[in-house]
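*Asks:* What follows is target_16.tsv; its format and atoms are TSV, C-alpha atoms and all ligand atoms.
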chain	number	residue	atom	x	y	z
P	1	MET	CA	102.68	88.71	148.34
P	2	ASN	CA	100.06	86.01	147.68
P	3	VAL	CA	98.20	86.21	144.38
P	4	ASN	CA	94.71	84.71	144.39
P	5	ALA	CA	94.11	82.63	141.24
P	6	GLU	CA	90.36	82.28	141.86
P	7	ARG	CA	89.86	86.03	142.22
P	8	PHE	CA	91.99	86.58	139.09
P	9	LEU	CA	89.92	84.11	137.03
P	10	ALA	CA	86.64	85.58	138.33
P	11	ASP	CA	87.72	89.09	137.25
P	12	LEU	CA	88.85	87.77	133.87
P	13	HIS	CA	85.41	86.23	133.30
P	14	GLU	CA	83.67	89.42	134.46
P	15	LEU	CA	85.68	91.53	131.99
P	16	ARG	CA	84.48	89.14	129.26
P	17	SER	CA	80.88	90.22	129.97
P	18	PHE	CA	81.65	93.65	128.46
P	19	GLY	CA	81.02	93.13	124.75
P	20	ALA	CA	80.39	89.37	125.08
P	21	SER	CA	79.74	88.18	121.52
P	22	GLY	CA	77.36	85.39	122.41
P	23	ILE	CA	79.56	82.96	120.47
P	24	GLY	CA	81.76	80.87	122.77
P	25	LYS	CA	83.81	83.13	125.03
P	26	GLY	CA	84.32	85.74	122.28
P	27	VAL	CA	84.13	89.51	122.72
P	28	VAL	CA	83.45	92.54	120.52
P	29	ARG	CA	85.13	95.44	122.31
P	30	ARG	CA	86.66	97.78	119.74
P	31	ALA	CA	88.66	100.71	121.10
P	32	TYR	CA	86.38	103.61	122.23
P	33	SER	CA	83.18	101.60	121.65
P	34	ASP	CA	80.54	101.74	124.40
P	35	ALA	CA	81.61	98.26	125.54
P	36	ASP	CA	85.27	99.29	125.68
P	37	ILE	CA	84.57	102.43	127.71
P	38	ALA	CA	82.24	100.56	130.07
P	39	ALA	CA	84.93	97.89	130.57
P	40	ARG	CA	87.50	100.60	131.34
P	41	GLN	CA	85.19	102.17	133.90
P	42	TRP	CA	84.62	98.77	135.52
P	43	LEU	CA	88.40	98.20	135.58
P	44	ALA	CA	88.93	101.64	137.12
P	45	GLY	CA	86.49	100.67	139.87
P	46	ARG	CA	88.37	97.41	140.53
P	47	MET	CA	91.65	99.34	140.69
P	48	ALA	CA	90.22	101.82	143.19
P	49	GLU	CA	88.85	98.97	145.36
P	50	ALA	CA	92.38	97.53	145.37
P	51	GLY	CA	93.74	100.81	146.76
P	52	LEU	CA	95.36	101.94	143.49
P	53	ASP	CA	95.15	105.54	142.22
P	54	VAL	CA	93.13	105.60	139.00
P	55	HIS	CA	94.37	107.69	136.08
P	56	PHE	CA	93.23	107.94	132.44
P	57	ASP	CA	95.64	109.69	130.06
P	58	PRO	CA	94.49	111.75	127.00
P	59	VAL	CA	94.18	108.72	124.69
P	60	GLY	CA	92.29	106.63	127.25
P	61	ASN	CA	95.16	104.46	128.51
P	62	LEU	CA	94.00	103.46	132.02
P	63	PHE	CA	96.48	103.21	134.91
P	64	GLY	CA	96.04	101.89	138.45
P	65	LEU	CA	98.98	103.44	140.26
P	66	GLY	CA	100.48	101.55	143.19
P	67	GLY	CA	103.15	104.05	144.24
P	68	GLU	CA	105.24	107.08	143.28
P	69	ARG	CA	107.63	104.79	141.41
P	70	SER	CA	106.86	101.15	140.64
P	71	VAL	CA	107.04	98.35	138.13
P	72	LEU	CA	104.19	98.53	135.58
P	73	VAL	CA	102.27	95.35	134.66
P	74	GLY	CA	99.50	95.11	132.07
P	75	SER	CA	98.40	94.93	128.45
P	76	HIS	CA	95.23	96.13	126.66
P	77	SER	CA	91.46	95.59	127.06
P	78	ASP	CA	90.22	96.58	123.58
P	79	SER	CA	89.57	93.75	121.11
P	80	GLN	CA	89.64	92.95	117.43
P	81	PRO	CA	86.27	93.28	115.57
P	82	GLU	CA	85.82	89.56	116.40
P	83	GLY	CA	88.07	88.98	119.39
P	84	GLY	CA	88.81	86.39	122.03
P	85	TRP	CA	88.39	86.84	125.79
P	86	LEU	CA	92.10	86.65	126.62
P	87	ASP	CA	93.97	88.73	124.02
P	88	GLY	CA	95.11	91.68	126.15
P	89	ALA	CA	92.56	91.08	128.92
P	90	LEU	CA	94.77	88.38	130.43
P	91	GLY	CA	97.71	90.73	130.94
P	92	VAL	CA	95.53	93.50	132.36
P	93	ILE	CA	93.78	91.28	134.91
P	94	ALA	CA	97.08	89.60	135.85
P	95	GLY	CA	98.49	93.10	136.50
P	96	LEU	CA	95.41	93.98	138.56
P	97	GLU	CA	95.72	90.84	140.69
P	98	ILE	CA	99.46	91.32	141.30
P	99	ALA	CA	99.05	95.03	142.17
P	100	ARG	CA	96.13	94.13	144.50
P	101	ALA	CA	98.08	91.32	146.19
P	102	ALA	CA	101.07	93.62	146.60
P	103	LYS	CA	98.86	96.26	148.28
P	104	GLU	CA	97.44	93.62	150.62
P	105	ALA	CA	100.96	92.51	151.52
P	106	GLY	CA	102.13	96.08	152.15
P	107	GLY	CA	104.43	96.14	149.11
P	108	PRO	CA	106.28	96.15	146.78
P	109	PRO	CA	104.62	99.00	144.81
P	110	VAL	CA	103.08	97.62	141.59
P	111	SER	CA	101.03	99.57	139.01
P	112	VAL	CA	98.72	98.19	136.33
P	113	VAL	CA	97.83	99.51	132.88
P	114	SER	CA	95.24	98.84	130.20
P	115	PHE	CA	96.44	100.45	126.98
P	116	GLN	CA	93.94	101.82	124.46
P	117	ASP	CA	93.56	100.67	120.82
P	118	GLU	CA	96.30	98.04	120.88
P	119	GLU	CA	94.30	96.23	118.20
P	120	GLY	CA	94.71	99.08	115.74
P	121	ARG	CA	91.27	100.46	115.01
P	122	PHE	CA	93.27	103.59	114.13
P	123	GLY	CA	97.02	103.04	114.10
P	124	VAL	CA	99.15	100.13	115.25
P	125	THR	CA	99.12	99.66	119.07
P	126	THR	CA	97.98	103.30	119.09
P	127	GLY	CA	97.60	104.06	122.82
P	128	SER	CA	101.07	102.88	123.85
P	129	ASP	CA	102.54	104.29	120.61
P	130	VAL	CA	101.34	107.80	121.57
P	131	TRP	CA	102.31	107.53	125.25
P	132	SER	CA	105.82	106.34	124.33
P	133	GLY	CA	106.22	109.40	122.09
P	134	ASN	CA	106.80	107.42	118.89
P	135	LEU	CA	103.53	108.75	117.42
P	136	SER	CA	102.42	112.33	118.16
P	137	LEU	CA	98.91	112.94	119.45
P	138	ALA	CA	98.25	115.19	116.45
P	139	GLN	CA	99.27	112.42	114.03
P	140	ALA	CA	97.14	109.89	115.91
P	141	ASP	CA	94.13	112.21	115.93
P	142	SER	CA	94.20	112.47	112.14
P	143	LEU	CA	94.10	108.67	111.66
P	144	THR	CA	90.76	107.24	110.53
P	145	ASP	CA	89.18	103.82	111.01
P	146	ASP	CA	87.70	101.75	108.17
P	147	ASP	CA	84.43	103.71	108.44
P	148	GLY	CA	86.14	107.11	108.18
P	149	VAL	CA	85.80	108.02	111.89
P	150	SER	CA	88.88	109.91	113.14
P	151	MET	CA	90.72	109.03	116.33
P	152	ALA	CA	90.05	112.60	117.53
P	153	GLN	CA	86.29	111.99	117.20
P	154	ALA	CA	86.53	108.58	118.85
P	155	ARG	CA	88.55	109.64	121.87
P	156	ASP	CA	86.25	112.59	122.45
P	157	LYS	CA	83.84	109.98	123.90
P	158	MET	CA	86.23	109.64	126.86
P	159	ALA	CA	86.85	113.39	127.27
P	160	ASP	CA	85.19	113.56	130.69
P	161	LEU	CA	87.46	110.82	132.09
P	162	VAL	CA	90.94	111.78	130.96
P	163	GLY	CA	93.85	113.70	132.50
P	164	GLU	CA	97.49	114.29	131.49
P	165	PHE	CA	100.09	111.87	130.12
P	166	LEU	CA	102.15	110.32	132.94
P	167	PRO	CA	105.96	110.69	132.98
P	168	HIS	CA	107.66	107.42	131.97
P	169	ASP	CA	110.12	107.61	134.87
P	170	ARG	CA	107.33	106.82	137.33
P	171	PHE	CA	107.92	103.24	136.22
P	172	SER	CA	111.04	101.09	136.61
P	173	GLY	CA	110.00	98.64	133.88
P	174	PHE	CA	107.04	97.00	132.09
P	175	LEU	CA	105.99	93.34	132.25
P	176	GLU	CA	103.28	91.97	129.96
P	177	MET	CA	101.70	88.53	130.16
P	178	HIS	CA	99.84	87.40	127.03
P	179	ILE	CA	98.50	84.32	125.32
P	180	GLU	CA	100.93	83.08	122.66
P	181	GLN	CA	98.33	83.38	119.84
P	182	GLY	CA	100.22	80.75	117.83
P	183	PRO	CA	100.67	76.96	118.01
P	184	SER	CA	104.23	76.46	119.40
P	185	LEU	CA	103.55	76.00	123.12
P	186	ASP	CA	100.27	74.12	122.57
P	187	GLN	CA	102.03	71.61	120.31
P	188	SER	CA	104.76	70.96	122.89
P	189	ASP	CA	104.97	69.99	126.57
P	190	ASP	CA	106.06	73.53	127.46
P	191	ARG	CA	103.56	75.68	129.35
P	192	ILE	CA	105.35	79.01	129.56
P	193	GLY	CA	107.18	81.09	126.93
P	194	VAL	CA	109.68	83.78	127.92
P	195	VAL	CA	109.79	86.20	125.00
P	196	SER	CA	113.20	87.02	123.51
P	197	ASP	CA	112.09	89.62	120.96
P	198	ILE	CA	109.02	90.96	119.15
P	199	VAL	CA	108.77	91.19	115.36
P	200	GLY	CA	108.47	94.51	113.52
P	201	ILE	CA	105.38	95.44	111.56
P	202	ARG	CA	104.48	97.68	108.63
P	203	ASP	CA	100.90	98.57	107.74
P	204	MET	CA	99.40	100.81	105.07
P	205	ARG	CA	96.15	101.48	103.23
P	206	ILE	CA	96.15	101.27	99.42
P	207	SER	CA	93.40	102.24	96.94
P	208	PHE	CA	93.07	101.34	93.25
P	209	SER	CA	90.65	103.61	91.36
P	210	GLY	CA	89.34	102.58	87.96
P	211	ARG	CA	86.01	103.05	86.15
P	212	GLN	CA	82.68	101.97	87.62
P	213	ASN	CA	80.50	100.64	84.79
P	214	HIS	CA	77.79	98.20	83.70
P	215	ALA	CA	78.74	94.52	84.22
P	216	GLY	CA	76.66	93.33	81.24
P	217	THR	CA	77.59	95.78	78.53
P	218	THR	CA	81.20	96.72	79.20
P	219	PRO	CA	83.54	94.50	77.12
P	220	MET	CA	86.30	92.87	79.11
P	221	HIS	CA	89.07	94.65	77.22
P	222	LEU	CA	87.54	98.07	77.98
P	223	ARG	CA	87.23	97.61	81.74
P	224	GLN	CA	89.20	99.34	84.47
P	225	ASP	CA	88.09	96.86	87.10
P	226	ALA	CA	89.40	97.55	90.61
P	227	PHE	CA	88.86	93.99	91.83
P	228	GLN	CA	90.71	92.44	88.87
P	229	CYS	CA	93.53	94.84	89.61
P	230	LEU	CA	93.72	93.81	93.28
P	231	SER	CA	93.60	90.16	92.27
P	232	ALA	CA	96.52	90.63	89.86
P	233	PHE	CA	98.40	92.60	92.51
P	234	ASN	CA	98.01	89.83	95.10
P	235	THR	CA	99.12	87.06	92.74
P	236	ALA	CA	102.20	88.98	91.57
P	237	LEU	CA	102.99	90.04	95.15
P	238	ASN	CA	103.24	86.46	96.41
P	239	THR	CA	105.67	85.67	93.58
P	240	ARG	CA	107.85	88.74	94.12
P	241	LEU	CA	107.96	88.53	97.90
P	242	ALA	CA	109.08	84.89	97.67
P	243	GLU	CA	112.48	86.22	96.59
P	244	VAL	CA	113.11	88.14	99.84
P	245	VAL	CA	111.17	86.47	102.67
P	246	THR	CA	112.09	83.78	105.24
P	247	PRO	CA	109.76	81.04	106.53
P	248	SER	CA	108.77	83.28	109.47
P	249	THR	CA	107.97	86.38	107.38
P	250	VAL	CA	104.23	87.05	107.06
P	251	TRP	CA	102.07	89.41	105.00
P	252	THR	CA	98.30	89.93	105.00
P	253	ILE	CA	95.56	91.73	103.07
P	254	GLY	CA	92.99	91.57	105.87
P	255	HIS	CA	90.51	94.33	105.07
P	256	VAL	CA	89.07	94.96	101.60
P	257	SER	CA	86.41	97.50	100.72
P	258	LEU	CA	85.07	97.23	97.17
P	259	HIS	CA	82.97	99.99	95.65
P	260	PRO	CA	80.08	99.85	94.99
P	261	ASN	CA	80.20	96.14	95.90
P	262	ALA	CA	77.28	95.07	93.70
P	263	SER	CA	77.07	91.98	91.50
P	264	SER	CA	76.06	93.83	88.30
P	265	VAL	CA	78.61	96.63	88.53
P	266	VAL	CA	82.24	96.58	87.37
P	267	PRO	CA	83.87	97.78	90.62
P	268	GLY	CA	85.34	101.25	90.26
P	269	LYS	CA	87.39	101.37	93.43
P	270	VAL	CA	88.99	99.09	95.96
P	271	THR	CA	90.63	100.12	99.23
P	272	PHE	CA	92.57	97.51	101.16
P	273	SER	CA	94.94	97.05	104.10
P	274	MET	CA	98.45	95.79	103.38
P	275	GLN	CA	100.39	94.52	106.37
P	276	TRP	CA	103.76	92.76	106.64
P	277	ARG	CA	105.88	91.55	109.59
P	278	ASP	CA	109.45	90.36	110.06
P	279	ARG	CA	112.24	90.42	112.65
P	280	ASP	CA	114.63	92.22	110.27
P	281	VAL	CA	114.30	95.96	109.53
P	282	ALA	CA	116.10	95.73	106.17
P	283	ARG	CA	113.70	93.00	105.02
P	284	LEU	CA	110.68	95.04	106.11
P	285	GLN	CA	112.05	97.94	104.06
P	286	LYS	CA	112.68	95.75	101.00
P	287	MET	CA	109.18	94.28	101.20
P	288	GLY	CA	107.75	97.81	101.38
P	289	GLU	CA	109.61	98.78	98.20
P	290	ILE	CA	108.32	95.67	96.39
P	291	ILE	CA	104.73	96.35	97.50
P	292	GLN	CA	104.74	100.00	96.45
P	293	THR	CA	106.49	99.42	93.13
P	294	LEU	CA	104.13	96.58	92.26
P	295	ALA	CA	101.03	98.60	93.18
P	296	ARG	CA	102.10	101.32	90.74
P	297	GLU	CA	102.92	98.75	88.05
P	298	VAL	CA	99.60	96.90	88.15
P	299	VAL	CA	97.52	100.07	87.92
P	300	ALA	CA	99.67	101.44	85.08
P	301	GLU	CA	99.20	98.21	83.08
P	302	ARG	CA	95.40	98.36	83.50
P	303	GLY	CA	94.72	102.09	83.25
P	304	LEU	CA	93.78	102.62	86.91
P	305	GLU	CA	95.28	104.91	89.54
P	306	ALA	CA	96.85	103.98	92.87
P	307	THR	CA	96.74	105.94	96.12
P	308	LEU	CA	99.32	104.78	98.65
P	309	ASP	CA	98.75	106.09	102.19
P	310	PRO	CA	101.73	106.56	104.54
P	311	VAL	CA	103.38	103.40	105.87
P	312	MET	CA	102.91	103.03	109.65
P	313	GLY	CA	105.02	100.70	111.70
P	314	ILE	CA	106.66	99.49	114.84
P	315	GLU	CA	110.30	98.34	114.86
P	316	PRO	CA	111.43	94.83	115.90
P	317	VAL	CA	112.64	94.92	119.54
P	318	PRO	CA	114.63	92.65	121.87
P	319	MET	CA	113.36	92.17	125.44
P	320	ASN	CA	115.46	93.42	128.37
P	321	ALA	CA	117.97	90.76	129.52
P	322	ASP	CA	117.52	91.30	133.29
P	323	LEU	CA	113.73	91.19	133.15
P	324	GLN	CA	113.86	88.13	130.88
P	325	ALA	CA	116.15	86.43	133.40
P	326	ALA	CA	113.69	87.18	136.23
P	327	LEU	CA	110.84	85.64	134.22
P	328	ALA	CA	112.99	82.64	133.28
P	329	ALA	CA	113.98	81.98	136.91
P	330	SER	CA	110.36	82.26	138.01
P	331	ALA	CA	109.25	79.95	135.17
P	332	GLU	CA	111.85	77.35	136.14
P	333	ALA	CA	110.68	77.49	139.76
P	334	ALA	CA	106.96	77.14	138.88
P	335	ALA	CA	107.22	74.81	135.87
P	336	PRO	CA	110.63	73.10	135.95
P	337	GLY	CA	111.75	72.06	132.46
P	338	GLN	CA	108.43	73.11	130.94
P	339	TRP	CA	109.21	76.55	129.59
P	340	ARG	CA	111.14	77.93	126.66
P	341	THR	CA	112.54	81.15	125.27
P	342	MET	CA	110.72	82.20	122.08
P	343	PRO	CA	110.14	85.18	119.74
P	344	SER	CA	106.75	86.88	119.43
P	345	GLY	CA	105.19	87.00	115.96
P	346	ALA	CA	102.28	89.01	117.36
P	347	LEU	CA	102.70	92.66	118.13
P	348	HIS	CA	102.29	93.99	121.67
P	349	ASP	CA	102.27	97.23	123.66
P	350	ALA	CA	105.60	95.96	125.03
P	351	SER	CA	107.18	96.95	121.67
P	352	ASN	CA	106.43	100.64	122.30
P	353	MET	CA	107.29	100.46	125.99
P	354	ALA	CA	110.71	99.02	125.10
P	355	THR	CA	111.64	102.41	123.64
P	356	VAL	CA	111.14	104.16	127.00
P	357	MET	CA	111.80	101.57	129.77
P	358	PRO	CA	113.09	98.00	130.33
P	359	VAL	CA	110.48	95.49	129.13
P	360	ALA	CA	109.85	91.73	129.13
P	361	MET	CA	106.98	89.39	128.21
P	362	LEU	CA	105.59	86.04	129.20
P	363	PHE	CA	103.39	83.70	127.10
P	364	VAL	CA	100.94	80.95	128.02
P	365	PRO	CA	99.66	78.44	125.42
P	366	SER	CA	96.77	79.16	123.05
P	367	ILE	CA	94.60	76.09	122.49
P	368	GLY	CA	94.94	75.09	118.83
P	369	GLY	CA	97.04	78.22	118.24
P	370	ILE	CA	93.79	80.19	117.63
P	371	SER	CA	93.51	83.95	118.32
P	372	HIS	CA	91.84	87.05	116.81
P	373	ALA	CA	88.76	84.81	116.67
P	374	PHE	CA	85.84	84.14	119.02
P	375	ASP	CA	87.05	80.63	119.89
P	376	GLU	CA	90.45	81.75	121.25
P	377	ASP	CA	91.04	79.96	124.59
P	378	THR	CA	93.60	78.74	127.12
P	379	ASP	CA	93.34	76.10	129.83
P	380	GLU	CA	92.62	77.82	133.15
P	381	THR	CA	95.44	75.93	134.88
P	382	ASP	CA	97.83	77.54	132.36
P	383	LEU	CA	96.33	80.99	133.03
P	384	ALA	CA	96.90	80.49	136.77
P	385	LEU	CA	100.43	79.18	136.16
P	386	GLY	CA	101.25	82.27	134.10
P	387	LEU	CA	99.99	84.50	136.92
P	388	GLN	CA	102.22	82.66	139.39
P	389	VAL	CA	105.29	83.00	137.14
P	390	LEU	CA	104.63	86.70	136.56
P	391	ALA	CA	104.06	87.39	140.28
P	392	GLY	CA	107.30	85.56	141.11
P	393	ALA	CA	109.23	87.75	138.69
P	394	VAL	CA	107.66	90.96	140.02
P	395	GLN	CA	108.56	89.93	143.58
P	396	ALA	CA	112.15	89.08	142.59
P	397	LEU	CA	112.62	92.37	140.72
P	398	ALA	CA	111.28	94.36	143.68
P	401	LIG	C1	98.22	92.47	117.73
P	401	LIG	O1	97.12	92.09	118.08
P	401	LIG	C2	98.77	92.01	116.49
P	401	LIG	O2	98.12	92.24	115.46
P	401	LIG	O3	99.81	91.33	116.52
P	402	MN	MN	97.05	91.51	122.42
P	403	MN	MN	95.41	91.12	119.31
Would you write out, as structure tokens, the structure that this file holds?
*Replies:*
Amino acid sequence: MNVNAERFLADLHELRSFGASGIGKGVVRRAYSDADIAARQWLAGRMAEAGLDVHFDPVGNLFGLGGERSVLVGSHSDSQPEGGWLDGALGVIAGLEIARAAKEAGGPPVSVVSFQDEEGRFGVTTGSDVWSGNLSLAQADSLTDDDGVSMAQARDKMADLVGEFLPHDRFSGFLEMHIEQGPSLDQSDDRIGVVSDIVGIRDMRISFSGRQNHAGTTPMHLRQDAFQCLSAFNTALNTRLAEVVTPSTVWTIGHVSLHPNASSVVPGKVTFSMQWRDRDVARLQKMGEIIQTLAREVVAERGLEATLDPVMGIEPVPMNADLQAALAASAEAAAPGQWRTMPSGALHDASNMATVMPVAMLFVPSIGGISHAFDEDTDETDLALGLQVLAGAVQALA
């Protein structure tokens, strides 16, 4: 099987044209947006041209099937609200090129997938979470995005494309190539990362409701100010979490919606996302207890009310030893002495797939460690090297 790096890079650039942001190589391709669905239809066309059988499942995960039973290679093609051109897209187009090259060579059978809503417009890696059975379709359908649109409403836009869920045993394993999205490889001489394990994540929505009032006439001591409450929560949270975290633990308040968000109004309500990640389940649990206890404390002290939505999450997972070994051997052959084994601090569809089949992952460097931003990028020689390493592993496993 001979993968074609030029064809792979050309397809990667063409995928970027769907939802191109106009700023650098960035893309805006939220799950189920017009740009996302158009990109999926383009991908389906490329898969068909390669001789793969195209299949969309009920949540919009797109498969290009290369045989009755095969290895599955891919990632996701939806983006963050301000996303880069490689996050997810790289793994999908690498899977397409390997499946296409395998068809041209007369085998082995290779299938490709683009999962839907990996970036969590609704849940957390929602498309692969539902297909793996960890999240029911009914639960997923009831999730809402930050504008109040439900997943059921959103996926209805793809209703004319979709069929049934595929059985997991069609696939012998899942391989995902991805940009690192952090600085480790870029700051070293290594060009490939073989992933040992993926961190776990917890994510929830919290609201503090107080009293909307006039910003000129309401004395400070009479206010039930939702922003002041969030500010106090965040400051106390950093202090309390310091007692339980390690240097690699992370937590983020990334989305805040303040109501009514006007300069002359004491804000009556704030709704915000609270996310935390770690490799240890017990620590994730402890952090969750601290967060929820503190949220109730800060509102009680200030006369507001807290609404804590259910905690969603994905568990930390190790990668399969045999698949890791195949990637490591291929990395050593293609980039002798210039690869390392490393954990993933970013979440991936591979986490969900690891609950239903053997899984492994490969990283290439991210320039400056930047991702989830328009200026995310990777040197094209590293993209091509990653493709070569992945193809070598697929060939060896077949
Ligand atoms: C996936 O994009 C993540 O948030 O790690
Ligand atoms: Mn990704
Ligand atoms: Mn991402």
*Asks:* Check the smallest atom-to-atom distance from each of P:Ala232, P:Leu347, P:Leu90, P:Leu383 to ligand MN 403 (chain P) using all atoms listed in the file, then report the winner.
*Replies:*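 Selected residue with least distance to ligand MN 403 (chain P): P:Leu347.
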*Asks:* One number please: atom CA of Ala50 of chain P to atom CA of Trp131 of chain P, in Å, one decimal.
*Replies:* 24.6 Å
*Asks:* Please find the residues contacting ligand LIG 401 (chain P) at a distance of at most 10 Å between atoms, with only C-alpha atoms and all ligand atoms counted, and report them as an mmCIF file with C-alpha atoms, in the frame of the given file.
*Replies:*
data_model
loop_
_atom_site.group_PDB
_atom_site.id
_atom_site.type_symbol
_atom_site.label_atom_id
_atom_site.label_comp_id
_atom_site.auth_asym_id
_atom_site.auth_seq_id
_atom_site.Cartn_x
_atom_site.Cartn_y
_atom_site.Cartn_z
ATOM 1 C CA HIS P 76 95.230 96.130 126.660
ATOM 2 C CA ASP P 78 90.220 96.580 123.580
ATOM 3 C CA SER P 79 89.570 93.750 121.110
ATOM 4 C CA GLN P 80 89.640 92.950 117.430
ATOM 5 C CA GLY P 83 88.070 88.980 119.390
ATOM 6 C CA ASP P 87 93.970 88.730 124.020
ATOM 7 C CA GLY P 88 95.110 91.680 126.150
ATOM 8 C CA ASP P 117 93.560 100.670 120.820
ATOM 9 C CA GLU P 118 96.300 98.040 120.880
ATOM 10 C CA GLU P 119 94.300 96.230 118.200
ATOM 11 C CA GLY P 120 94.710 99.080 115.740
ATOM 12 C CA VAL P 124 99.150 100.130 115.250
ATOM 13 C CA THR P 125 99.120 99.660 119.070
ATOM 14 C CA GLN P 181 98.330 83.380 119.840
ATOM 15 C CA ILE P 198 109.020 90.960 119.150
ATOM 16 C CA VAL P 199 108.770 91.190 115.360
ATOM 17 C CA GLY P 200 108.470 94.510 113.520
ATOM 18 C CA ILE P 201 105.380 95.440 111.560
ATOM 19 C CA GLN P 275 100.390 94.520 106.370
ATOM 20 C CA ARG P 277 105.880 91.550 109.590
ATOM 21 C CA SER P 344 106.750 86.880 119.430
ATOM 22 C CA GLY P 345 105.190 87.000 115.960
ATOM 23 C CA ALA P 346 102.280 89.010 117.360
ATOM 24 C CA LEU P 347 102.700 92.660 118.130
ATOM 25 C CA HIS P 348 102.290 93.990 121.670
ATOM 26 C CA ASP P 349 102.270 97.230 123.660
ATOM 27 C CA SER P 371 93.510 83.950 118.320
ATOM 28 C CA HIS P 372 91.840 87.050 116.810
#
*Asks:* In terms of the shortest atom-to-atom distance over all atoms listed in the file, which of P:Leu166, P:Val54, P:Leu390, P:Ala31 is closest to ligand MN 403 (chain P)?
*Replies:*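 Under the stated criterion, the closest residue is P:Ala31.
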*Asks:* Could you work out how far atom CA of Met287 of chain P lies from atom CA of Glu243 of chain P, giving the answer in Å with one decimal?
*Replies:*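 Atom CA of Met287 of chain P lies 9.9 Å from atom CA of Glu243 of chain P.
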*Asks:* Quick one: residues within 12 Å of Asn4 of chain P, only C-alpha atoms counted, chain neighbours fewer than 6 positions away excluded, as a tab-separated table (two decimals) with C-alpha atoms, in the coordinates of the input?
*Replies:*
chain	number	residue	atom	x	y	z
P	10	ALA	CA	86.64	85.58	138.33
P	11	ASP	CA	87.72	89.09	137.25
P	93	ILE	CA	93.78	91.28	134.91
P	94	ALA	CA	97.08	89.60	135.85
P	96	LEU	CA	95.41	93.98	138.56
P	97	GLU	CA	95.72	90.84	140.69
P	98	ILE	CA	99.46	91.32	141.30
P	99	ALA	CA	99.05	95.03	142.17
P	100	ARG	CA	96.13	94.13	144.50
P	101	ALA	CA	98.08	91.32	146.19
P	102	ALA	CA	101.07	93.62	146.60
P	104	GLU	CA	97.44	93.62	150.62
P	384	ALA	CA	96.90	80.49	136.77
P	385	LEU	CA	100.43	79.18	136.16
P	387	LEU	CA	99.99	84.50	136.92
P	388	GLN	CA	102.22	82.66	139.39
P	391	ALA	CA	104.06	87.39	140.28
*Asks:* Using only C-alpha atoms, which residues sit within 12 Å of Asp160 of chain P once same-chain residues fewer than 4 positions away are excluded, as a compact mmCIF listing (two decimals) with C-alpha atoms, in the frame of the given file?
*Replies:*
# COMPACT_ATOMS: atom_id res chain seq x y z
CA ILE P 37 84.57 102.43 127.71
CA GLN P 41 85.19 102.17 133.90
CA PHE P 56 93.23 107.94 132.44
CA ASP P 57 95.64 109.69 130.06
CA PRO P 58 94.49 111.75 127.00
CA VAL P 59 94.18 108.72 124.69
CA GLY P 60 92.29 106.63 127.25
CA ARG P 155 88.55 109.64 121.87
CA ASP P 156 86.25 112.59 122.45
*Asks:* Report, in Å with one decimal, the straight-line distance from atom CA of Asp145 of chain P to atom CA of Ile206 of chain P.
*Replies:* 13.8 Å
*Asks:* For His259 of chain P, find every residue with an atom within 7 Å (counting all atoms listed in the file), except residues of its own chain fewer than 3 positions away, and show them as a list of chain:residue names.
*Replies:* P:Pro267, P:Gly268, P:Lys269, P:Val270
*Asks:* I need the residue nearest ligand MN 403 (chain P) from this list: P:Gly254, P:Gly216, P:Gly84, P:Gly193. Use all atoms listed in the file for the distance.
*Replies:*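 Checking each candidate against ligand MN 403 (chain P), we get P:Gly84 as the closest.
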*Asks:* Only N, CA and C atoms, as a PDB file, in the first residue's frame: that is what I want for segment 17-25 of chain P.
*Replies:*
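Below is the file that was written, result.pdb:
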ATOM      1  N   SER P  17     -11.759  24.489   3.283  1.00  0.00           N
ATOM      2  CA  SER P  17     -12.585  25.493   2.598  1.00  0.00           C
ATOM      3  C   SER P  17     -14.025  25.488   3.121  1.00  0.00           C
ATOM      4  N   PHE P  18     -14.435  24.403   3.783  1.00  0.00           N
ATOM      5  CA  PHE P  18     -15.788  24.362   4.362  1.00  0.00           C
ATOM      6  C   PHE P  18     -15.749  25.068   5.716  1.00  0.00           C
ATOM      7  N   GLY P  19     -16.307  26.261   5.778  1.00  0.00           N
ATOM      8  CA  GLY P  19     -16.293  27.018   7.027  1.00  0.00           C
ATOM      9  C   GLY P  19     -15.002  27.797   7.236  1.00  0.00           C
ATOM     10  N   ALA P  20     -14.243  28.042   6.155  1.00  0.00           N
ATOM     11  CA  ALA P  20     -12.994  28.808   6.299  1.00  0.00           C
ATOM     12  C   ALA P  20     -13.307  30.150   6.967  1.00  0.00           C
ATOM     13  N   SER P  21     -12.531  30.491   7.999  1.00  0.00           N
ATOM     14  CA  SER P  21     -12.859  31.669   8.810  1.00  0.00           C
ATOM     15  C   SER P  21     -12.416  32.966   8.169  1.00  0.00           C
ATOM     16  N   GLY P  22     -11.480  32.855   7.229  1.00  0.00           N
ATOM     17  CA  GLY P  22     -10.918  34.071   6.647  1.00  0.00           C
ATOM     18  C   GLY P  22      -9.750  34.606   7.451  1.00  0.00           C
ATOM     19  N   ILE P  23      -9.494  34.008   8.610  1.00  0.00           N
ATOM     20  CA  ILE P  23      -8.347  34.428   9.427  1.00  0.00           C
ATOM     21  C   ILE P  23      -7.353  33.275   9.453  1.00  0.00           C
ATOM     22  N   GLY P  24      -6.184  33.467   8.838  1.00  0.00           N
ATOM     23  CA  GLY P  24      -5.199  32.388   8.749  1.00  0.00           C
ATOM     24  C   GLY P  24      -5.833  31.163   8.103  1.00  0.00           C
ATOM     25  N   LYS P  25      -5.534  29.991   8.678  1.00  0.00           N
ATOM     26  CA  LYS P  25      -6.117  28.758   8.137  1.00  0.00           C
ATOM     27  C   LYS P  25      -7.299  28.299   8.981  1.00  0.00           C
TER      28      LYS P  25
END
